[in-house]
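K.L.:
This is the content of start-v5.txt (compact mmCIF, C-alpha atoms and all ligand atoms):
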# COMPACT_ATOMS: atom_id res chain seq x y z
CA MET A 3 166.56 -55.73 68.57
CA GLU A 4 162.95 -54.66 68.05
CA TYR A 5 162.81 -52.84 71.40
CA MET A 6 165.77 -50.70 70.37
CA LYS A 7 163.52 -48.89 67.92
CA SER A 8 161.20 -47.80 70.69
CA LEU A 9 164.06 -46.61 72.91
CA LYS A 10 164.49 -42.89 72.80
CA GLN A 11 167.69 -41.24 71.77
CA PRO A 12 167.65 -38.27 74.09
CA LEU A 13 169.25 -35.01 72.98
CA ILE A 14 171.80 -33.74 75.49
CA ILE A 15 172.71 -30.05 75.52
CA ALA A 16 175.37 -29.20 78.09
CA GLY A 17 177.83 -26.46 78.89
CA PRO A 18 178.42 -23.59 81.26
CA CYS A 19 175.74 -21.16 82.33
CA SER A 20 178.02 -18.38 81.01
CA ALA A 21 181.01 -18.26 78.71
CA GLU A 22 183.54 -16.64 81.06
CA SER A 23 186.91 -17.04 79.33
CA GLU A 24 188.42 -18.86 76.39
CA GLU A 25 190.13 -21.35 78.72
CA GLN A 26 186.94 -22.09 80.67
CA VAL A 27 184.89 -22.61 77.49
CA LEU A 28 187.53 -24.81 75.85
CA ALA A 29 188.27 -26.93 78.91
CA THR A 30 184.57 -27.53 79.56
CA ALA A 31 183.78 -28.24 75.90
CA GLN A 32 186.67 -30.69 75.52
CA ALA A 33 185.71 -32.63 78.63
CA LEU A 34 182.08 -32.78 77.51
CA ALA A 35 182.96 -33.83 73.96
CA ALA A 36 185.37 -36.51 75.21
CA SER A 37 182.49 -38.19 77.06
CA GLY A 38 180.72 -38.82 73.78
CA LYS A 39 177.42 -38.19 75.60
CA VAL A 40 176.80 -34.57 74.70
CA ASN A 41 175.24 -33.51 71.40
CA ILE A 42 175.32 -29.73 71.69
CA LEU A 43 177.50 -27.27 73.61
CA ARG A 44 175.63 -24.46 75.35
CA ALA A 45 176.99 -21.25 76.87
CA GLY A 46 175.37 -17.95 77.74
CA VAL A 47 177.05 -14.98 76.09
CA TRP A 48 174.54 -12.32 77.14
CA LYS A 49 173.12 -13.13 80.55
CA PRO A 50 169.66 -11.90 81.57
CA ARG A 51 170.26 -11.33 85.27
CA THR A 52 167.39 -10.63 87.62
CA ARG A 53 169.49 -8.12 89.60
CA PRO A 54 171.91 -5.56 88.14
CA ASN A 55 175.55 -5.48 89.20
CA THR A 56 175.90 -9.21 88.72
CA PHE A 57 177.86 -10.83 85.89
CA GLU A 58 175.99 -10.05 82.66
CA GLY A 59 178.10 -12.13 80.31
CA GLU A 60 181.09 -11.26 78.15
CA GLY A 61 178.90 -10.47 75.14
CA VAL A 62 180.16 -10.64 71.58
CA LYS A 63 183.74 -11.09 72.80
CA ALA A 64 182.80 -14.62 73.91
CA LEU A 65 181.60 -15.75 70.48
CA PRO A 66 185.11 -16.49 69.09
CA TRP A 67 185.71 -18.72 72.15
CA LEU A 68 182.63 -20.72 71.24
CA MET A 69 183.73 -20.93 67.61
CA LYS A 70 187.07 -22.27 68.76
CA ALA A 71 185.37 -24.84 71.02
CA LYS A 72 183.24 -25.89 68.08
CA ALA A 73 186.29 -26.25 65.80
CA VAL A 74 188.19 -28.27 68.38
CA THR A 75 185.38 -30.58 69.50
CA GLY A 76 183.06 -30.70 66.49
CA LEU A 77 180.11 -29.96 68.80
CA PRO A 78 177.44 -27.59 67.47
CA VAL A 79 176.98 -24.56 69.73
CA ALA A 80 173.90 -22.98 71.25
CA ILE A 81 173.55 -19.51 72.78
CA GLU A 82 170.72 -17.46 74.26
CA VAL A 83 169.42 -14.48 72.30
CA ALA A 84 167.04 -11.93 73.78
CA ASN A 85 166.93 -9.04 71.32
CA ALA A 86 167.63 -8.02 67.72
CA LYS A 87 171.11 -6.77 68.56
CA HIS A 88 172.15 -10.15 69.96
CA ILE A 89 170.93 -11.84 66.80
CA GLU A 90 172.68 -9.38 64.55
CA GLU A 91 175.96 -9.74 66.44
CA ALA A 92 175.71 -13.53 66.57
CA SER A 93 174.98 -13.74 62.85
CA ALA A 94 178.61 -12.81 62.12
CA PHE A 95 179.56 -16.15 63.70
CA ASP A 96 178.62 -19.70 62.88
CA VAL A 97 176.32 -20.28 65.86
CA ASP A 98 174.22 -23.41 65.22
CA ILE A 99 171.31 -23.14 67.64
CA TYR A 100 169.60 -20.34 69.50
CA TRP A 101 167.50 -20.47 72.63
CA VAL A 102 165.14 -17.86 73.99
CA GLY A 103 165.30 -17.49 77.77
CA ALA A 104 162.40 -17.55 80.22
CA ARG A 105 162.46 -13.79 80.79
CA THR A 106 162.21 -13.12 77.05
CA THR A 107 159.40 -15.62 76.46
CA SER A 108 157.52 -13.77 79.22
CA ASN A 109 157.48 -10.51 77.24
CA PRO A 110 155.52 -10.42 73.95
CA PHE A 111 157.36 -7.27 72.77
CA SER A 112 160.75 -8.94 73.21
CA MET A 113 159.47 -12.16 71.70
CA GLN A 114 158.16 -10.31 68.64
CA GLU A 115 161.49 -8.52 68.23
CA VAL A 116 163.41 -11.80 68.44
CA ALA A 117 161.06 -13.51 65.96
CA GLU A 118 161.45 -10.68 63.44
CA ALA A 119 165.22 -10.62 63.82
CA LEU A 120 165.33 -14.39 63.21
CA ARG A 121 162.94 -14.19 60.27
CA GLY A 122 163.35 -17.10 57.88
CA THR A 123 166.24 -18.76 59.70
CA ASP A 124 166.47 -22.52 59.33
CA LYS A 125 168.47 -22.81 62.53
CA MET A 126 166.91 -24.66 65.47
CA VAL A 127 165.37 -22.23 67.97
CA TYR A 128 164.47 -23.50 71.44
CA ILE A 129 161.97 -21.57 73.53
CA LYS A 130 162.11 -21.80 77.29
CA ASN A 131 158.87 -21.62 79.22
CA PRO A 132 157.93 -18.17 80.56
CA MET A 133 158.70 -17.27 84.19
CA SER A 134 155.05 -17.55 85.22
CA GLY A 135 152.77 -20.53 84.70
CA ASP A 136 151.09 -19.02 81.66
CA VAL A 137 151.05 -21.62 78.89
CA GLU A 138 149.47 -19.05 76.55
CA LEU A 139 152.67 -16.99 76.60
CA TRP A 140 154.68 -20.09 75.70
CA CYS A 141 152.30 -20.86 72.81
CA GLY A 142 152.41 -17.22 71.76
CA ALA A 143 156.20 -17.38 71.50
CA VAL A 144 155.97 -20.39 69.16
CA GLU A 145 153.30 -18.65 67.08
CA ARG A 146 155.40 -15.49 66.75
CA LEU A 147 158.37 -17.52 65.50
CA ARG A 148 156.19 -19.47 63.10
CA ALA A 149 154.66 -16.28 61.75
CA CYS A 150 158.20 -15.21 60.80
CA GLY A 151 158.81 -18.41 58.87
CA ILE A 152 160.82 -20.23 61.54
CA THR A 153 160.01 -23.92 61.43
CA ASN A 154 162.72 -25.64 63.46
CA ILE A 155 161.38 -24.98 66.92
CA GLY A 156 161.86 -26.85 70.19
CA LEU A 157 160.69 -26.30 73.76
CA ILE A 158 162.68 -26.19 76.98
CA HIS A 159 160.94 -26.70 80.32
CA ARG A 160 162.92 -24.85 83.02
CA GLY A 161 160.30 -24.51 85.75
CA PHE A 162 158.21 -21.58 86.96
CA SER A 163 159.10 -19.01 89.59
CA GLY A 164 157.04 -18.10 92.61
CA TYR A 165 154.96 -21.24 93.18
CA GLY A 166 156.29 -22.29 96.55
CA ALA A 167 159.04 -24.22 94.82
CA GLY A 168 160.29 -25.41 98.23
CA LYS A 169 163.81 -26.76 97.97
CA LEU A 170 163.80 -26.14 94.20
CA ARG A 171 164.62 -22.79 92.57
CA ASN A 172 161.72 -22.97 90.12
CA ALA A 173 158.67 -25.18 90.62
CA PRO A 174 158.57 -27.74 87.80
CA MET A 175 154.74 -27.71 87.55
CA TRP A 176 155.07 -30.74 85.27
CA HIS A 177 151.41 -30.55 84.31
CA LEU A 178 151.97 -27.18 82.58
CA ALA A 179 154.78 -28.58 80.45
CA LEU A 180 152.64 -31.60 79.64
CA GLU A 181 149.79 -29.29 78.68
CA MET A 182 152.18 -27.49 76.31
CA ARG A 183 153.17 -30.89 74.92
CA ARG A 184 149.49 -31.75 74.41
CA ARG A 185 148.91 -28.51 72.51
CA MET A 186 152.03 -28.78 70.35
CA PRO A 187 152.90 -32.49 70.20
CA GLU A 188 154.95 -31.99 67.05
CA LEU A 189 157.60 -29.96 68.91
CA PRO A 190 160.49 -31.68 70.69
CA MET A 191 160.51 -30.84 74.38
CA ILE A 192 163.57 -31.06 76.56
CA CYS A 193 163.95 -30.42 80.28
CA ASP A 194 166.42 -28.05 81.94
CA PRO A 195 166.79 -29.55 85.42
CA SER A 196 169.60 -27.08 86.26
CA HIS A 197 167.28 -24.06 86.36
CA ILE A 198 164.46 -26.05 87.95
CA CYS A 199 166.74 -27.19 90.78
CA GLY A 200 169.07 -24.25 91.36
CA ASN A 201 171.18 -26.74 93.28
CA ARG A 202 173.22 -29.61 91.82
CA GLU A 203 172.04 -31.98 94.56
CA TYR A 204 168.59 -32.47 93.03
CA ILE A 205 169.48 -32.57 89.33
CA LYS A 206 169.56 -36.34 88.93
CA ASP A 207 166.06 -36.78 90.37
CA VAL A 208 164.50 -34.06 88.23
CA ALA A 209 166.31 -35.35 85.12
CA GLN A 210 165.03 -38.87 85.80
CA GLN A 211 161.50 -37.55 86.19
CA ALA A 212 161.80 -35.82 82.81
CA ALA A 213 163.00 -39.09 81.27
CA ASP A 214 160.05 -40.92 82.83
CA LEU A 215 157.64 -38.36 81.38
CA GLY A 216 158.93 -38.97 77.87
CA TYR A 217 160.94 -35.78 77.31
CA ASP A 218 163.14 -35.71 74.21
CA GLY A 219 166.29 -34.66 76.02
CA LEU A 220 167.95 -32.48 78.62
CA MET A 221 169.80 -29.18 78.87
CA ILE A 222 172.17 -29.30 81.85
CA GLU A 223 174.69 -26.70 82.96
CA SER A 224 178.24 -27.95 83.29
CA HIS A 225 181.34 -25.93 84.21
CA ILE A 226 184.94 -27.05 84.45
CA CYS A 227 185.01 -25.52 87.96
CA PRO A 228 181.41 -25.06 89.17
CA GLU A 229 182.29 -23.32 92.40
CA CYS A 230 184.27 -20.67 90.48
CA ALA A 231 181.34 -19.96 88.12
CA LYS A 232 180.33 -16.30 87.69
CA SER A 233 176.65 -17.24 87.43
CA ASP A 234 174.58 -20.13 88.76
CA ALA A 235 177.54 -21.60 90.67
CA SER A 236 175.43 -23.79 92.94
CA GLN A 237 173.62 -25.63 90.14
CA GLN A 238 176.45 -26.42 87.72
CA LEU A 239 178.04 -29.88 87.49
CA THR A 240 181.61 -30.74 86.62
CA PRO A 241 181.77 -32.53 83.25
CA GLN A 242 182.60 -35.71 85.17
CA THR A 243 179.54 -35.46 87.44
CA LEU A 244 177.42 -34.63 84.41
CA VAL A 245 178.56 -37.82 82.70
CA GLU A 246 177.88 -39.88 85.85
CA THR A 247 174.45 -38.29 86.09
CA LEU A 248 173.67 -39.07 82.44
CA ASP A 249 174.92 -42.64 82.85
CA ASN A 250 172.50 -43.20 85.70
CA ILE A 251 169.40 -41.87 83.96
CA LYS A 252 167.15 -44.61 82.74
CA TRP A 253 165.46 -43.67 79.45
CA ARG A 254 162.65 -46.16 79.39
CA ALA A 255 160.83 -47.29 76.27
CA GLY A 256 157.66 -45.43 75.35
CA GLU A 257 155.75 -48.68 74.82
CA SER A 258 156.13 -52.41 75.26
CA ASN A 259 154.40 -55.11 73.28
CA SER A 260 154.77 -57.72 76.02
CA GLU A 261 151.42 -59.45 76.50
CA SER A 262 151.61 -59.66 80.30
CA TYR A 263 152.45 -55.96 80.48
CA GLN A 264 149.56 -55.03 78.18
CA THR A 265 147.08 -57.17 80.16
CA ALA A 266 148.20 -55.79 83.53
CA LEU A 267 148.11 -52.23 82.19
CA MET A 268 144.62 -52.64 80.80
CA GLY A 269 143.35 -53.96 84.16
CA LEU A 270 144.88 -51.07 86.08
CA ARG A 271 143.54 -48.52 83.61
CA GLU A 272 140.06 -49.96 84.03
CA GLN A 273 140.41 -49.47 87.79
CA ILE A 274 141.50 -45.87 87.27
CA ASP A 275 138.58 -45.16 84.92
CA SER A 276 136.07 -46.60 87.33
CA LEU A 277 137.56 -44.77 90.34
CA ASP A 278 137.56 -41.50 88.37
CA SER A 279 133.93 -41.95 87.54
CA GLU A 280 133.06 -42.64 91.20
CA ILE A 281 135.02 -39.57 92.32
CA LEU A 282 133.14 -37.38 89.83
CA GLN A 283 129.80 -38.87 90.85
CA LEU A 284 130.57 -38.13 94.52
CA LEU A 285 131.66 -34.59 93.70
CA ALA A 286 128.42 -34.03 91.80
CA GLU A 287 126.46 -35.29 94.81
CA ARG A 288 128.48 -33.04 97.11
CA MET A 289 127.54 -30.03 94.96
CA GLN A 290 123.86 -31.03 95.19
CA VAL A 291 124.15 -31.00 98.98
CA ALA A 292 125.86 -27.59 98.78
CA GLU A 293 122.91 -26.34 96.72
CA ASN A 294 120.52 -27.65 99.39
CA ILE A 295 122.50 -25.71 101.97
CA GLY A 296 122.19 -22.66 99.69
CA ARG A 297 118.41 -23.13 99.62
CA ILE A 298 118.04 -23.27 103.39
CA LYS A 299 120.40 -20.32 103.77
CA ARG A 300 118.26 -18.31 101.38
CA ALA A 301 115.07 -19.31 103.19
CA ASN A 302 116.64 -18.16 106.45
CA ASP A 303 118.34 -15.06 105.04
CA VAL A 304 121.86 -16.22 105.89
CA ARG A 305 124.87 -15.35 103.72
CA ILE A 306 126.80 -18.01 101.79
CA LEU A 307 130.28 -17.78 103.20
CA GLN A 308 130.72 -19.03 106.70
CA SER A 309 134.46 -19.04 107.05
CA VAL A 310 134.61 -20.80 110.41
CA ARG A 311 132.85 -23.82 108.92
CA TRP A 312 135.18 -23.87 105.92
CA GLU A 313 138.26 -23.57 108.14
CA SER A 314 137.16 -26.59 110.12
CA ILE A 315 136.66 -28.63 106.91
CA ALA A 316 140.11 -27.59 105.68
CA GLU A 317 141.75 -28.36 109.01
CA ARG A 318 140.12 -31.78 109.27
CA THR A 319 141.08 -32.68 105.69
CA LEU A 320 144.68 -31.49 105.87
CA ALA A 321 145.18 -33.39 109.11
CA GLN A 322 144.55 -36.60 107.17
CA SER A 323 147.38 -35.93 104.75
CA ALA A 324 149.77 -38.53 106.21
CA THR A 325 147.11 -41.23 106.71
CA LEU A 326 145.84 -40.79 103.16
CA GLY A 327 149.33 -40.61 101.69
CA LEU A 328 148.29 -37.39 99.87
CA SER A 329 150.45 -34.27 100.07
CA VAL A 330 149.19 -31.20 101.92
CA GLU A 331 149.80 -29.24 98.71
CA PHE A 332 147.51 -31.55 96.72
CA LEU A 333 144.79 -31.55 99.39
CA GLN A 334 144.93 -27.77 99.53
CA THR A 335 144.55 -27.46 95.75
CA LEU A 336 141.70 -29.98 95.72
CA LEU A 337 139.91 -28.25 98.60
CA ASP A 338 140.26 -24.86 96.96
CA ALA A 339 138.71 -26.19 93.75
CA ILE A 340 135.85 -27.86 95.64
CA HIS A 341 135.28 -24.70 97.66
CA VAL A 342 135.06 -22.46 94.59
CA GLU A 343 132.67 -24.86 92.84
CA SER A 344 130.49 -25.18 95.98
CA ILE A 345 130.24 -21.42 96.33
CA ASN A 346 129.25 -21.15 92.64
CA HIS A 347 126.50 -23.74 93.16
CA GLN A 348 125.24 -21.99 96.29
CA ASN A 349 125.37 -18.64 94.52
CA LYS A 350 123.23 -20.05 91.73
CA VAL A 351 120.44 -21.07 94.10
CA MET A 352 120.70 -17.89 96.18
CA LYS A 353 119.77 -15.75 93.16
C1 LIG B 1 170.28 -20.01 81.21
O1 LIG B 1 169.98 -20.97 80.49
O2 LIG B 1 171.40 -19.80 81.66
C2 LIG B 1 169.19 -19.09 81.62
C3 LIG B 1 169.41 -17.81 81.89
O3 LIG B 1 168.04 -19.71 81.74
P1 LIG B 1 166.51 -19.23 82.03
O4 LIG B 1 166.13 -18.37 80.89
O5 LIG B 1 165.82 -20.54 82.07
O6 LIG B 1 166.51 -18.55 83.37
MN MN B 2 172.12 -20.41 84.14
What is this file in structure tokens?
Ligand code: PEP
Ligand code: MN
P.N.:
Amino acid sequence: MEYMKSLKQPLIIAGPCSAESEEQVLATAQALAASGKVNILRAGVWKPRTRPNTFEGEGVKALPWLMKAKAVTGLPVAIEVANAKHIEEASAFDVDIYWVGARTTSNPFSMQEVAEALRGTDKMVYIKNPMSGDVELWCGAVERLRACGITNIGLIHRGFSGYGAGKLRNAPMWHLALEMRRRMPELPMICDPSHICGNREYIKDVAQQAADLGYDGLMIESHICPECAKSDASQQLTPQTLVETLDNIKWRAGESNSESYQTALMGLREQIDSLDSEILQLLAERMQVAENIGRIKRANDVRILQSVRWESIAERTLAQSATLGLSVEFLQTLLDAIHVESINHQNKVMK
């Protein structure tokens, strides 16, 4: 049973995007609780909608519905709070957990207001990542809560808007969440595949990826009748589909002591280290050549940027995407970084 200790016990928060009626909240909560797979019931009471004239939540009227769901199912309940008024109104009820939405984390004034209104609470407060890929804002939100004496803090990764998310609603940008994890390893981090995907079709893949990256749990939207939902209808799962999805996620162990695994891993890591060092060596050599180009350009009074040349490099490289098995997006990012560094090196010798 030794391996059991290293298996993670993921935290599962599930429930509708919005609390819409007592019946909807109760029916959803009962189905989720009956599965035995959900730890916390979520429901939005105040909804931060991007556009006005869409459903903005039932507000304080919905809190008794959540209290009833909690009494009936025994599940602790979580709601989103975005300002001092929400916190004051919610404090009249026995809400167990709060989360701060992406739009609120994005705004330091709002975040400060929320932190002050929550001052000293021992309730768990989850902070979603900000809308943009600015890890500093996410850190700032944690710091503001901590400065107000809040110690039970968790993180929710819900993706970032406006990064060519493709088929997804919000680009996951996993590396940013992992950077946040690196900076604040003591905080539990869960993934919200519902808001990353925006479409129920992709949820299982994103949830599995989160499990593979060692997340501590998931927040997934579930509605007794997803297609009737007043917000986020296309991303919600029925409680039954949610349970099937959870059943199919493999939460792998963080480590294994098996000798053959350790030996194979060590060998592969050595290969990675030596390839990385060759790549860096080659990049350094490439920059030396760029400097030499800078020198002859200076000697001949020619400017640095010759866009036709760069376009042909980019075109040639991107055309190799399929043969190399490297995505166009990755090659583009890599080329951009190399280009900027080359220009800096040439600039240096032009001066
Ligand atoms: C939500 O959880 O329903 C929500 C509004 O999420 P986000 O803040 O991630 O957009
Ligand atoms: Mn939602």
K.L.:
CA of Gln238 in chain A and CA of Val79 in chain A, how far apart in Å?
P.N.:
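Pair CA of Val79 in chain A / CA of Gln238 in chain A returns 18.1 Å.
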K.L.:
As a PyMOL selection string, please: every protein or nucleic acid residue near ligand LIG 1 (chain B) (cut-off 6 Å, counting all atoms listed in the file).
P.N.:
chain A and resi 19+46+50+103-105+160+197
K.L.:
Excluding same-chain residues fewer than 3 positions from range 272-286 of chain A, what lies within 12 Å of it counting all atoms listed in the file, as a ChimeraX atom specification?
P.N.:
/A:265-269,289-293,336-337,339-341,343-344,347
K.L.:
Residues within 9 Å of ligand MN 2 (chain B), counting all atoms listed in the file: report them as a PyMOL selection string.
P.N.:
chain A and resi 18-20+45-46+49+196-197+200+223+233-235+237-238
K.L.:
Considering all atoms listed in the file, state which residue in the set A:Ala119, A:Ala31, A:Met221, A:Ile14 is at the smallest distance from Gly76 in chain A.
P.N.:
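Under the stated criterion, the closest residue is A:Ala31.
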K.L.:
Which residues, written as a list in words, have at least one atom at most 12 Å from Glu145 in chain A, with only C-alpha atoms counted and residues fewer than 2 positions away on the same chain left out?
P.N.:
Thr107, Pro110, Met113, Gln114, Ala117, Glu118, Ile129, Glu138, Leu139, Trp140, Cys141, Gly142, Ala143, Leu147, Arg148, Ala149, Cys150, Gly151, Ile152, Thr153, Ile155 and Met186 of chain A
K.L.:
Just write the chosen residues, C-alpha atoms, as a PDB file, in the frame of the given file.
P.N.:
ATOM      1  CA  THR A 107     159.400 -15.620  76.460  1.00  0.00           C
ATOM      2  CA  PRO A 110     155.520 -10.420  73.950  1.00  0.00           C
ATOM      3  CA  MET A 113     159.470 -12.160  71.700  1.00  0.00           C
ATOM      4  CA  GLN A 114     158.160 -10.310  68.640  1.00  0.00           C
ATOM      5  CA  ALA A 117     161.060 -13.510  65.960  1.00  0.00           C
ATOM      6  CA  GLU A 118     161.450 -10.680  63.440  1.00  0.00           C
ATOM      7  CA  ILE A 129     161.970 -21.570  73.530  1.00  0.00           C
ATOM      8  CA  GLU A 138     149.470 -19.050  76.550  1.00  0.00           C
ATOM      9  CA  LEU A 139     152.670 -16.990  76.600  1.00  0.00           C
ATOM     10  CA  TRP A 140     154.680 -20.090  75.700  1.00  0.00           C
ATOM     11  CA  CYS A 141     152.300 -20.860  72.810  1.00  0.00           C
ATOM     12  CA  GLY A 142     152.410 -17.220  71.760  1.00  0.00           C
ATOM     13  CA  ALA A 143     156.200 -17.380  71.500  1.00  0.00           C
ATOM     14  CA  LEU A 147     158.370 -17.520  65.500  1.00  0.00           C
ATOM     15  CA  ARG A 148     156.190 -19.470  63.100  1.00  0.00           C
ATOM     16  CA  ALA A 149     154.660 -16.280  61.750  1.00  0.00           C
ATOM     17  CA  CYS A 150     158.200 -15.210  60.800  1.00  0.00           C
ATOM     18  CA  GLY A 151     158.810 -18.410  58.870  1.00  0.00           C
ATOM     19  CA  ILE A 152     160.820 -20.230  61.540  1.00  0.00           C
ATOM     20  CA  THR A 153     160.010 -23.920  61.430  1.00  0.00           C
ATOM     21  CA  ILE A 155     161.380 -24.980  66.920  1.00  0.00           C
ATOM     22  CA  MET A 186     152.030 -28.780  70.350  1.00  0.00           C
TER      23      MET A 186
END
K.L.:
Which neighbours of range 306-318 of chain A fall inside 10 Å, counting all atoms listed in the file, when residues of the same chain fewer than 3 positions from it are skipped, and could you give them as JSON, numbers by chain?
P.N.:
{"A": [295, 296, 299, 300, 303, 321, 322, 323, 333, 334, 337, 338, 341, 344, 345, 346, 348, 349, 352]}
K.L.:
Interatomic distance between CA of Lys72 in chain A and CA of Gln242 in chain A?
P.N.:
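Taking CA of Lys72 in chain A and CA of Gln242 in chain A, their separation equals 19.7 Å.
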K.L.:
Find the distance between CA of Trp176 in chain A and CA of Ile42 in chain A and write it in Å to one decimal.
P.N.:
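According to the coordinates, CA of Trp176 in chain A and CA of Ile42 in chain A are separated by 24.4 Å.
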K.L.:
Can you pull out every residue within 10 Å of range 64-69 of chain A, counting all atoms listed in the file, but drop anything in the same chain fewer than 6 positions away, and send it as a VMD selection string?
P.N.:
chain A and resid 20 to 28 31 43 to 48 75 to 81 91 to 92 94 to 97
K.L.:
Of the candidates A:Ala324, A:Arg202, A:Ala212, A:Arg254, which one gets nearest to Thr240 in chain A if we count only C-alpha atoms?
P.N.:
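For Thr240 in chain A, the nearest of the candidates is A:Arg202.
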K.L.:
Excluding Ile158 in chain A and residues on its chain fewer than 4 positions from it, collect all residues at most 7 Å away from it, counting all atoms listed in the file, and give them as a PyMOL selection string.
P.N.:
chain A and resi 128-131+191-194
K.L.:
With 12 Å as the threshold, what does the neighbourhood of (156.5, -41.5, 73.3) contain in terms of residues, counting all atoms listed in the file? Coordinates are those of the file; answer as a ChimeraX atom specification.
P.N.:
/A:7-12,183,187-188,190-191,213-218,253-258
K.L.:
Which residue, A:Thr243, A:Thr335, A:Ser93, A:Ser236, has the smallest gap to Thr319 in chain A when you use all atoms listed in the file?
P.N.:
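With all atoms listed in the file as the atom set, the closest residue is A:Thr335.
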K.L.:
Name the residues within 12 Å of (159.5, -21.7, 92.1), counting all atoms listed in the file in the file's coordinates, and put them as a list of chain:residue names.
P.N.:
A:Met133, A:Ser134, A:Gly135, A:Arg160, A:Gly161, A:Phe162, A:Ser163, A:Gly164, A:Tyr165, A:Gly166, A:Ala167, A:Gly168, A:Lys169, A:Leu170, A:Arg171, A:Asn172, A:Ala173, A:Pro174, A:Met175, A:His197, A:Ile198, A:Cys199, A:Gly200
